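Dropping run-v2.cif in here (mmCIF, C-alpha atoms):
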data_model
#
loop_
_atom_site.group_PDB
_atom_site.id
_atom_site.type_symbol
_atom_site.label_atom_id
_atom_site.label_comp_id
_atom_site.auth_asym_id
_atom_site.auth_seq_id
_atom_site.Cartn_x
_atom_site.Cartn_y
_atom_site.Cartn_z
ATOM 1 C CA MET A 905 139.883 59.000 54.309
ATOM 2 C CA ARG A 906 139.656 60.000 57.941
ATOM 3 C CA ALA A 907 136.589 58.647 59.711
ATOM 4 C CA GLU A 908 134.454 61.236 61.477
ATOM 5 C CA LEU A 909 133.365 60.625 64.998
ATOM 6 C CA VAL A 910 129.602 60.859 65.114
ATOM 7 C CA PRO A 911 127.955 60.635 68.564
ATOM 8 C CA LYS A 912 125.563 57.776 68.844
ATOM 9 C CA PRO A 913 121.981 58.580 69.832
ATOM 10 C CA TYR A 914 121.035 57.685 73.378
ATOM 11 C CA LEU A 915 118.941 54.545 73.595
ATOM 12 C CA PRO A 916 117.575 53.491 76.960
ATOM 13 C CA GLU A 917 118.906 50.169 78.065
ATOM 14 C CA ALA A 918 116.539 47.386 78.755
ATOM 15 C CA SER A 919 115.892 46.492 82.347
ATOM 16 C CA PRO A 920 116.074 42.893 83.552
ATOM 17 C CA ARG A 921 112.280 42.748 83.192
ATOM 18 C CA GLY A 922 112.512 43.716 79.538
ATOM 19 C CA ASN A 923 111.150 47.267 79.996
ATOM 20 C CA PRO A 924 113.222 50.337 79.131
ATOM 21 C CA THR A 925 114.881 52.038 82.085
ATOM 22 C CA LEU A 926 113.343 55.368 81.023
ATOM 23 C CA GLY A 927 110.065 54.177 82.495
ATOM 24 C CA ASP A 928 111.855 53.172 85.660
ATOM 25 C CA HIS A 929 113.324 56.659 85.898
ATOM 26 C CA ALA A 930 109.858 58.123 85.451
ATOM 27 C CA ASP A 931 108.551 55.995 88.296
ATOM 28 C CA VAL A 932 111.429 57.063 90.523
ATOM 29 C CA ALA A 933 110.859 60.702 89.617
ATOM 30 C CA GLY A 934 107.160 60.341 90.344
ATOM 31 C CA ARG A 935 107.834 58.857 93.776
ATOM 32 C CA SER A 936 110.404 61.559 94.462
ATOM 33 C CA ASP A 937 107.903 64.275 93.536
ATOM 34 C CA ALA A 938 105.269 62.679 95.741
ATOM 35 C CA LEU A 939 107.677 62.581 98.682
ATOM 36 C CA PHE A 940 108.690 66.201 98.042
ATOM 37 C CA VAL A 941 105.097 67.451 97.951
ATOM 38 C CA THR A 942 104.263 65.364 101.007
ATOM 39 C CA GLY A 943 107.175 66.899 102.894
ATOM 40 C CA LEU A 944 106.101 70.415 101.931
ATOM 41 C CA ALA A 945 102.514 69.735 102.944
ATOM 42 C CA THR A 946 103.646 68.225 106.244
ATOM 43 C CA LEU A 947 105.813 71.191 107.184
ATOM 44 C CA PHE A 948 103.224 73.757 106.138
ATOM 45 C CA GLY A 949 100.327 71.803 107.605
ATOM 46 C CA SER A 950 102.053 71.455 110.971
ATOM 47 C CA TYR A 951 102.176 75.233 111.327
ATOM 48 C CA VAL A 952 98.562 75.610 110.233
ATOM 49 C CA LEU A 953 97.577 72.982 112.796
ATOM 50 C CA LEU A 954 99.532 74.875 115.451
ATOM 51 C CA ILE A 955 97.579 78.071 114.739
ATOM 52 C CA ALA A 956 94.291 76.167 114.710
ATOM 53 C CA GLY A 957 95.245 74.486 117.965
ATOM 54 C CA LEU A 958 95.970 77.835 119.585
ATOM 55 C CA LEU A 959 92.564 79.176 118.600
ATOM 56 C CA VAL A 960 90.769 76.033 119.707
ATOM 57 C CA ALA A 961 92.607 76.014 123.035
ATOM 58 C CA LEU A 962 91.785 79.667 123.603
ATOM 59 C CA GLY A 963 88.139 79.137 122.757
ATOM 60 C CA SER A 964 87.806 76.005 124.865
ATOM 61 C CA PHE A 965 89.219 77.693 127.944
ATOM 62 C CA THR A 966 86.542 80.375 127.985
ATOM 63 C CA SER A 967 82.781 80.323 127.590
ATOM 64 C CA VAL A 968 79.930 82.610 126.690
ATOM 65 C CA PRO A 969 79.268 83.496 130.359
ATOM 66 C CA ASP A 970 82.949 84.392 130.730
ATOM 67 C CA LEU A 971 82.727 86.633 127.677
ATOM 68 C CA LEU A 972 79.596 88.321 128.987
ATOM 69 C CA ARG A 973 81.150 88.870 132.403
ATOM 70 C CA ALA A 974 84.256 90.304 130.783
ATOM 71 C CA MET A 975 82.307 92.716 128.591
ATOM 72 C CA HIS A 976 80.178 93.814 131.546
ATOM 73 C CA SER A 977 83.309 94.843 133.433
ATOM 74 C CA GLU A 978 83.798 98.601 133.381
ATOM 75 C CA GLU A 979 87.569 98.264 133.123
ATOM 76 C CA ILE A 980 87.433 95.872 130.169
ATOM 77 C CA ARG A 981 84.822 97.967 128.340
ATOM 78 C CA TYR A 982 87.047 101.004 128.824
ATOM 79 C CA ALA A 983 90.070 99.081 127.529
ATOM 80 C CA PHE A 984 88.076 97.865 124.522
ATOM 81 C CA TRP A 985 86.952 101.304 123.402
ATOM 82 C CA LEU A 986 90.336 102.874 124.142
ATOM 83 C CA SER A 987 91.941 100.187 121.972
ATOM 84 C CA MET A 988 89.528 100.857 119.123
ATOM 85 C CA VAL A 989 90.159 104.617 119.234
ATOM 86 C CA THR A 990 93.939 104.470 119.609
ATOM 87 C CA CYS A 991 94.331 101.780 116.931
ATOM 88 C CA THR A 992 92.313 103.873 114.495
ATOM 89 C CA LEU A 993 94.307 107.028 115.236
ATOM 90 C CA SER A 994 97.653 105.251 114.950
ATOM 91 C CA THR A 995 96.520 103.718 111.643
ATOM 92 C CA LEU A 996 95.579 107.118 110.226
ATOM 93 C CA PHE A 997 98.906 108.595 111.315
ATOM 94 C CA SER A 998 100.717 105.586 109.846
ATOM 95 C CA LEU A 999 99.038 106.066 106.468
ATOM 96 C CA TRP A 1000 99.824 109.769 106.588
ATOM 97 C CA VAL A 1001 103.523 108.853 106.704
ATOM 98 C CA ALA A 1002 103.509 105.520 104.843
ATOM 99 C CA ILE A 1003 101.946 106.758 101.587
ATOM 100 C CA PRO A 1004 104.590 109.420 100.851
ATOM 101 C CA GLY A 1005 107.321 107.271 102.390
ATOM 102 C CA GLY A 1006 106.496 104.247 100.272
ATOM 103 C CA TYR A 1007 106.242 106.409 97.153
ATOM 104 C CA VAL A 1008 109.653 107.995 97.732
ATOM 105 C CA LEU A 1009 111.326 104.635 98.316
ATOM 106 C CA SER A 1010 109.663 103.145 95.242
ATOM 107 C CA ARG A 1011 110.156 105.916 92.705
ATOM 108 C CA PHE A 1012 113.338 107.800 93.657
ATOM 109 C CA ASN A 1013 117.012 106.926 94.031
ATOM 110 C CA PHE A 1014 119.100 109.161 96.278
ATOM 111 C CA PRO A 1015 122.263 108.966 98.395
ATOM 112 C CA GLY A 1016 121.693 107.105 101.638
ATOM 113 C CA LYS A 1017 118.605 105.289 100.425
ATOM 114 C CA SER A 1018 119.932 101.922 101.560
ATOM 115 C CA LEU A 1019 120.718 103.330 104.999
ATOM 116 C CA LEU A 1020 117.251 104.863 105.256
ATOM 117 C CA ASP A 1021 115.724 101.567 104.199
ATOM 118 C CA ALA A 1022 117.636 99.803 106.972
ATOM 119 C CA VAL A 1023 116.585 102.395 109.555
ATOM 120 C CA LEU A 1024 112.935 101.739 108.743
ATOM 121 C CA ASP A 1025 113.442 98.100 109.705
ATOM 122 C CA ILE A 1026 114.559 98.985 113.239
ATOM 123 C CA PRO A 1027 111.025 99.202 114.740
ATOM 124 C CA ILE A 1028 110.285 95.810 113.177
ATOM 125 C CA ILE A 1029 113.314 93.937 114.491
ATOM 126 C CA LEU A 1030 113.781 95.649 117.863
ATOM 127 C CA PRO A 1031 112.260 93.944 120.919
ATOM 128 C CA PRO A 1032 109.035 95.753 121.857
ATOM 129 C CA LEU A 1033 110.232 96.513 125.380
ATOM 130 C CA VAL A 1034 113.303 98.244 123.942
ATOM 131 C CA ILE A 1035 111.087 100.483 121.810
ATOM 132 C CA GLY A 1036 109.044 101.432 124.867
ATOM 133 C CA LEU A 1037 112.193 102.162 126.868
ATOM 134 C CA ALA A 1038 113.621 104.273 124.044
ATOM 135 C CA LEU A 1039 110.390 106.298 123.850
ATOM 136 C CA LEU A 1040 110.434 106.805 127.608
ATOM 137 C CA ILE A 1041 114.040 108.040 127.535
ATOM 138 C CA LEU A 1042 113.334 110.249 124.502
ATOM 139 C CA PHE A 1043 110.739 112.187 126.479
ATOM 140 C CA GLN A 1044 113.262 112.786 129.270
ATOM 141 C CA THR A 1045 115.458 114.783 126.888
ATOM 142 C CA PRO A 1046 115.126 118.574 126.422
ATOM 143 C CA LEU A 1047 113.158 117.964 123.214
ATOM 144 C CA GLY A 1048 110.820 115.610 125.043
ATOM 145 C CA HIS A 1049 110.334 118.079 127.890
ATOM 146 C CA ALA A 1050 109.467 120.767 125.332
ATOM 147 C CA VAL A 1051 106.787 118.523 123.858
ATOM 148 C CA GLU A 1052 105.488 117.649 127.316
ATOM 149 C CA ARG A 1053 104.964 121.341 128.053
ATOM 150 C CA VAL A 1054 102.560 121.496 125.106
ATOM 151 C CA VAL A 1055 100.803 118.135 125.499
ATOM 152 C CA HIS A 1056 101.244 115.566 128.237
ATOM 153 C CA VAL A 1057 102.394 112.361 126.549
ATOM 154 C CA THR A 1058 104.195 110.035 128.949
ATOM 155 C CA PHE A 1059 101.892 107.689 130.894
ATOM 156 C CA ALA A 1060 98.869 109.277 129.199
ATOM 157 C CA LYS A 1061 96.617 108.395 126.269
ATOM 158 C CA PRO A 1062 98.798 110.123 123.612
ATOM 159 C CA SER A 1063 101.644 107.800 124.579
ATOM 160 C CA ILE A 1064 99.509 104.805 123.560
ATOM 161 C CA VAL A 1065 98.976 106.208 120.070
ATOM 162 C CA LEU A 1066 102.663 107.098 119.743
ATOM 163 C CA ALA A 1067 103.801 103.634 120.848
ATOM 164 C CA GLN A 1068 101.421 101.939 118.425
ATOM 165 C CA PHE A 1069 102.356 104.328 115.611
ATOM 166 C CA THR A 1070 106.100 103.765 116.075
ATOM 167 C CA VAL A 1071 105.785 100.074 115.241
ATOM 168 C CA ALA A 1072 102.761 100.025 112.922
ATOM 169 C CA CYS A 1073 104.079 102.749 110.623
ATOM 170 C CA ALA A 1074 107.115 100.648 109.691
ATOM 171 C CA PHE A 1075 104.853 97.835 108.493
ATOM 172 C CA ALA A 1076 102.654 100.319 106.618
ATOM 173 C CA ILE A 1077 105.647 101.852 104.826
ATOM 174 C CA ARG A 1078 106.865 98.429 103.728
ATOM 175 C CA THR A 1079 103.389 97.581 102.412
ATOM 176 C CA MET A 1080 103.003 100.859 100.531
ATOM 177 C CA ARG A 1081 106.407 100.466 98.912
ATOM 178 C CA VAL A 1082 105.379 97.047 97.593
ATOM 179 C CA ALA A 1083 102.093 98.549 96.380
ATOM 180 C CA PHE A 1084 103.838 101.340 94.460
ATOM 181 C CA ASP A 1085 106.426 98.896 93.072
ATOM 182 C CA GLN A 1086 103.584 96.872 91.548
ATOM 183 C CA ILE A 1087 102.173 99.936 89.749
ATOM 184 C CA ASN A 1088 103.566 100.375 86.240
ATOM 185 C CA PRO A 1089 105.254 103.815 86.103
ATOM 186 C CA ARG A 1090 104.326 104.117 82.415
ATOM 187 C CA SER A 1091 100.961 105.749 83.154
ATOM 188 C CA GLU A 1092 102.653 108.231 85.454
ATOM 189 C CA HIS A 1093 105.225 109.076 82.780
ATOM 190 C CA VAL A 1094 102.433 109.587 80.235
ATOM 191 C CA ALA A 1095 100.712 112.005 82.597
ATOM 192 C CA LEU A 1096 103.974 113.927 83.004
ATOM 193 C CA THR A 1097 104.461 114.179 79.234
ATOM 194 C CA LEU A 1098 100.900 115.494 78.891
ATOM 195 C CA GLY A 1099 101.715 118.447 81.118
ATOM 196 C CA CYS A 1100 100.885 117.205 84.606
ATOM 197 C CA SER A 1101 103.183 118.110 87.431
ATOM 198 C CA ARG A 1102 104.666 115.387 89.621
ATOM 199 C CA SER A 1103 102.093 116.094 92.344
ATOM 200 C CA GLN A 1104 99.194 116.063 89.878
ATOM 201 C CA ALA A 1105 100.345 112.747 88.421
ATOM 202 C CA PHE A 1106 100.600 111.343 91.943
ATOM 203 C CA TRP A 1107 97.138 112.423 93.068
ATOM 204 C CA MET A 1108 95.311 111.744 89.801
ATOM 205 C CA VAL A 1109 97.075 108.623 88.482
ATOM 206 C CA VAL A 1110 99.225 106.815 91.032
ATOM 207 C CA LEU A 1111 97.175 107.161 94.213
ATOM 208 C CA PRO A 1112 93.911 105.801 92.727
ATOM 209 C CA GLU A 1113 95.789 102.731 91.475
ATOM 210 C CA ALA A 1114 97.281 102.212 94.947
ATOM 211 C CA ARG A 1115 93.934 102.157 96.773
ATOM 212 C CA ARG A 1116 94.104 98.420 97.458
ATOM 213 C CA GLY A 1117 97.611 98.754 98.809
ATOM 214 C CA ILE A 1118 96.436 101.597 101.043
ATOM 215 C CA LEU A 1119 93.680 99.437 102.461
ATOM 216 C CA THR A 1120 96.162 96.618 103.013
ATOM 217 C CA ALA A 1121 98.571 98.945 104.804
ATOM 218 C CA ALA A 1122 95.736 100.239 106.963
ATOM 219 C CA THR A 1123 94.677 96.700 107.822
ATOM 220 C CA LEU A 1124 98.166 95.626 108.828
ATOM 221 C CA ALA A 1125 98.771 98.817 110.804
ATOM 222 C CA TRP A 1126 95.477 98.482 112.676
ATOM 223 C CA ALA A 1127 96.017 94.813 113.488
ATOM 224 C CA ARG A 1128 99.584 95.487 114.596
ATOM 225 C CA SER A 1129 98.442 98.371 116.796
ATOM 226 C CA LEU A 1130 95.789 96.193 118.395
ATOM 227 C CA GLY A 1131 98.351 93.617 119.488
ATOM 228 C CA GLU A 1132 101.007 96.063 120.680
ATOM 229 C CA PHE A 1133 101.919 95.459 124.320
ATOM 230 C CA GLY A 1134 105.588 95.952 125.200
ATOM 231 C CA PRO A 1135 106.022 99.621 124.255
ATOM 232 C CA ILE A 1136 102.667 100.516 125.808
ATOM 233 C CA LEU A 1137 103.483 98.781 129.076
ATOM 234 C CA VAL A 1138 106.790 100.664 129.441
ATOM 235 C CA PHE A 1139 105.853 104.026 127.921
ATOM 236 C CA SER A 1140 102.184 104.316 128.896
ATOM 237 C CA GLY A 1141 101.822 102.065 131.911
ATOM 238 C CA ALA A 1142 98.825 99.877 132.659
ATOM 239 C CA THR A 1143 96.636 102.108 134.795
ATOM 240 C CA ARG A 1144 93.023 100.989 135.055
ATOM 241 C CA LEU A 1145 90.513 103.320 133.401
ATOM 242 C CA ARG A 1146 93.323 105.509 132.105
ATOM 243 C CA THR A 1147 95.955 103.826 129.906
ATOM 244 C CA GLU A 1148 94.591 100.290 129.869
ATOM 245 C CA VAL A 1149 94.125 98.732 126.437
ATOM 246 C CA LEU A 1150 93.196 95.152 125.605
ATOM 247 C CA PRO A 1151 96.734 93.681 125.621
ATOM 248 C CA THR A 1152 97.460 95.253 129.010
ATOM 249 C CA THR A 1153 94.094 93.981 130.232
ATOM 250 C CA VAL A 1154 95.216 90.437 129.450
ATOM 251 C CA PHE A 1155 98.431 91.108 131.380
ATOM 252 C CA LEU A 1156 96.607 92.572 134.377
ATOM 253 C CA GLU A 1157 94.083 89.754 134.522
ATOM 254 C CA LEU A 1158 96.859 87.162 134.343
ATOM 255 C CA SER A 1159 98.773 88.961 137.101
ATOM 256 C CA ILE A 1160 95.869 88.447 139.515
ATOM 257 C CA GLY A 1161 95.232 84.866 138.399
ATOM 258 C CA ASN A 1162 92.002 85.554 136.523
ATOM 259 C CA ILE A 1163 92.847 83.300 133.579
ATOM 260 C CA GLU A 1164 89.221 83.000 132.403
ATOM 261 C CA ALA A 1165 88.909 86.763 131.953
ATOM 262 C CA ALA A 1166 92.311 86.924 130.259
ATOM 263 C CA ALA A 1167 91.263 84.202 127.821
ATOM 264 C CA ALA A 1168 87.954 85.971 127.163
ATOM 265 C CA VAL A 1169 89.681 89.277 126.371
ATOM 266 C CA SER A 1170 92.188 87.447 124.169
ATOM 267 C CA LEU A 1171 89.316 85.884 122.244
ATOM 268 C CA VAL A 1172 87.773 89.327 121.758
ATOM 269 C CA MET A 1173 91.068 90.517 120.270
ATOM 270 C CA VAL A 1174 91.199 87.504 117.948
ATOM 271 C CA VAL A 1175 87.653 88.166 116.738
ATOM 272 C CA ALA A 1176 88.390 91.871 116.173
ATOM 273 C CA ALA A 1177 91.556 91.109 114.201
ATOM 274 C CA LEU A 1178 89.799 88.447 112.105
ATOM 275 C CA ALA A 1179 86.941 90.834 111.360
ATOM 276 C CA VAL A 1180 89.361 93.446 110.046
ATOM 277 C CA LEU A 1181 91.175 90.897 107.878
ATOM 278 C CA ILE A 1182 87.925 89.514 106.477
ATOM 279 C CA VAL A 1183 86.683 93.000 105.587
ATOM 280 C CA ALA A 1184 89.992 93.748 103.855
ATOM 281 C CA ARG A 1185 89.821 90.539 101.817
ATOM 282 C CA LEU A 1186 86.253 91.310 100.799
ATOM 283 C CA PHE A 1187 87.598 94.444 99.139
ATOM 284 C CA GLY A 1188 89.574 92.262 96.753
ATOM 285 C CA LEU A 1189 93.004 92.281 98.365
ATOM 286 C CA ARG A 1190 93.565 88.567 97.812
ATOM 287 C CA GLY A 1191 94.746 89.127 94.274
ATOM 288 C CA THR A 1192 97.233 91.851 95.113
ATOM 289 C CA GLY A 1193 99.732 89.555 96.818
ATOM 290 C CA LEU A 1194 99.895 91.978 99.749
ATOM 291 C CA LEU A 1195 97.480 90.264 102.117
#
Mind converting the file's structure to structure tokens?
Amino acid sequence: MRAELVPKPYLPEASPRGNPTLGDHADVAGRSDALFVTGLATLFGSYVLLIAGLLVALGSFTSVPDLLRAMHSEEIRYAFWLSMVTCTLSTLFSLWVAIPGGYVLSRFNFPGKSLLDAVLDIPIILPPLVIGLALLILFQTPLGHAVERVVHVTFAKPSIVLAQFTVACAFAIRTMRVAFDQINPRSEHVALTLGCSRSQAFWMVVLPEARRGILTAATLAWARSLGEFGPILVFSGATRLRTEVLPTTVFLELSIGNIEAAAAVSLVMVVAALAVLIVARLFGLRGTGLL
């Protein structure tokens, strides 16, 4: 009778100390996990410390009297309010485009979708100065001259909004696409089967569920607009009491060696951006994964 080969069960060998090697492996695995987590925490913590160091350095270089002197300056007050107005307008325009754009990219498949998706990344990856130069050249074309005959854009306040919108809208579209991707299309399909048109299902079902994503997109667009500098410098200029916003104020103050004022204005921008982010998180955006 032929003997059958039956695999023997694995039994851990005894270590020289008389303990099974399985425990030794567990100890090694535990030390390996500890080293892995420590490495992750070190890498992540170093970046967090860098950000904290930047904020501390910025705050330590200025003082309350410097802040008061900066805010009492007519030029800086003008730049502050112009920044608030232009950032708000560019955010509204960004949402006006990002909501339908994100919905189309999330719900529909069409020829050239991948190419369109890549085009939307161009304002994100291009150097800011290149975007400003491209806008400046665009308004030297016949189409740009036609627009200029209706409303003066170049080196005027509308150019600030357009420069901010060009970059911020790309971030808003990306955010809205993620927001619509996270919404289950089942409820929309149910609304369509019950007799709703596509537009009715969008306004009555999809858009209310995307309200947190809309607020996130608005937050990112506003914060991005606030920090925009390169396109504004090239396309709008940095004229005092005309096209000066907070980032260009920092540049102008640094150009004349007034580092204290530049640090004070930078701190104002940090506080404004943090306030917007805190307000957004208070609306419950932490659980969405978008902010």
Give me the stretch 991-1037 of chain A side of the contact with stretch 1094-1104 of chain A, cut-off 12 Å, one line per residue showing its nearest atom pair and distance in Å at one decimal, counting only C-alpha atoms, sorted by chain and residue number, as JSON lines.
{"residue": "A:Pro1004", "atom": "CA", "partner": "A:Ser1103", "partner_atom": "CA", "distance": 11.1}
{"residue": "A:Tyr1007", "atom": "CA", "partner": "A:Ser1103", "partner_atom": "CA", "distance": 11.6}
{"residue": "A:Arg1011", "atom": "CA", "partner": "A:Arg1102", "partner_atom": "CA", "distance": 11.4}
Go ahead and write the selection's residues with C-alpha atoms as a JSON list (two decimals), in the coordinates of the input.
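The resulting again_22.json:
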[["chain", "number", "residue", "atom", "x", "y", "z"],
["A", 1004, "PRO", "CA", 104.59, 109.42, 100.85],
["A", 1007, "TYR", "CA", 106.24, 106.41, 97.15],
["A", 1011, "ARG", "CA", 110.16, 105.92, 92.70]]
Point out the residue among A:Val1001, A:Ala933, A:Pro1112, A:Ala1060 with the least atom-to-atom distance to A:Leu1145, counting only C-alpha atoms. A:Ala1060
I'd like the interatomic distance between atom CA of A:Phe1139 and atom CA of A:Ala974, to a tenth of an Å.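 The value is 25.7 Å.
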For A:Arg1146, please output as a list of chain:residue names all residues within 10 Å (counting only C-alpha atoms; exclusion window: fewer than 5 positions along the same chain).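 Listing them by chain and then by number gives A:Glu979, A:Tyr982, A:Ala983, A:Leu986, A:Phe1059, A:Ala1060, A:Lys1061, A:Ser1140, A:Gly1141.
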In terms of only C-alpha atoms, the residue from A:Val960, A:Ile1163, A:Leu1171, A:Val1149 at minimal distance from A:Arg981 is A:Val1149
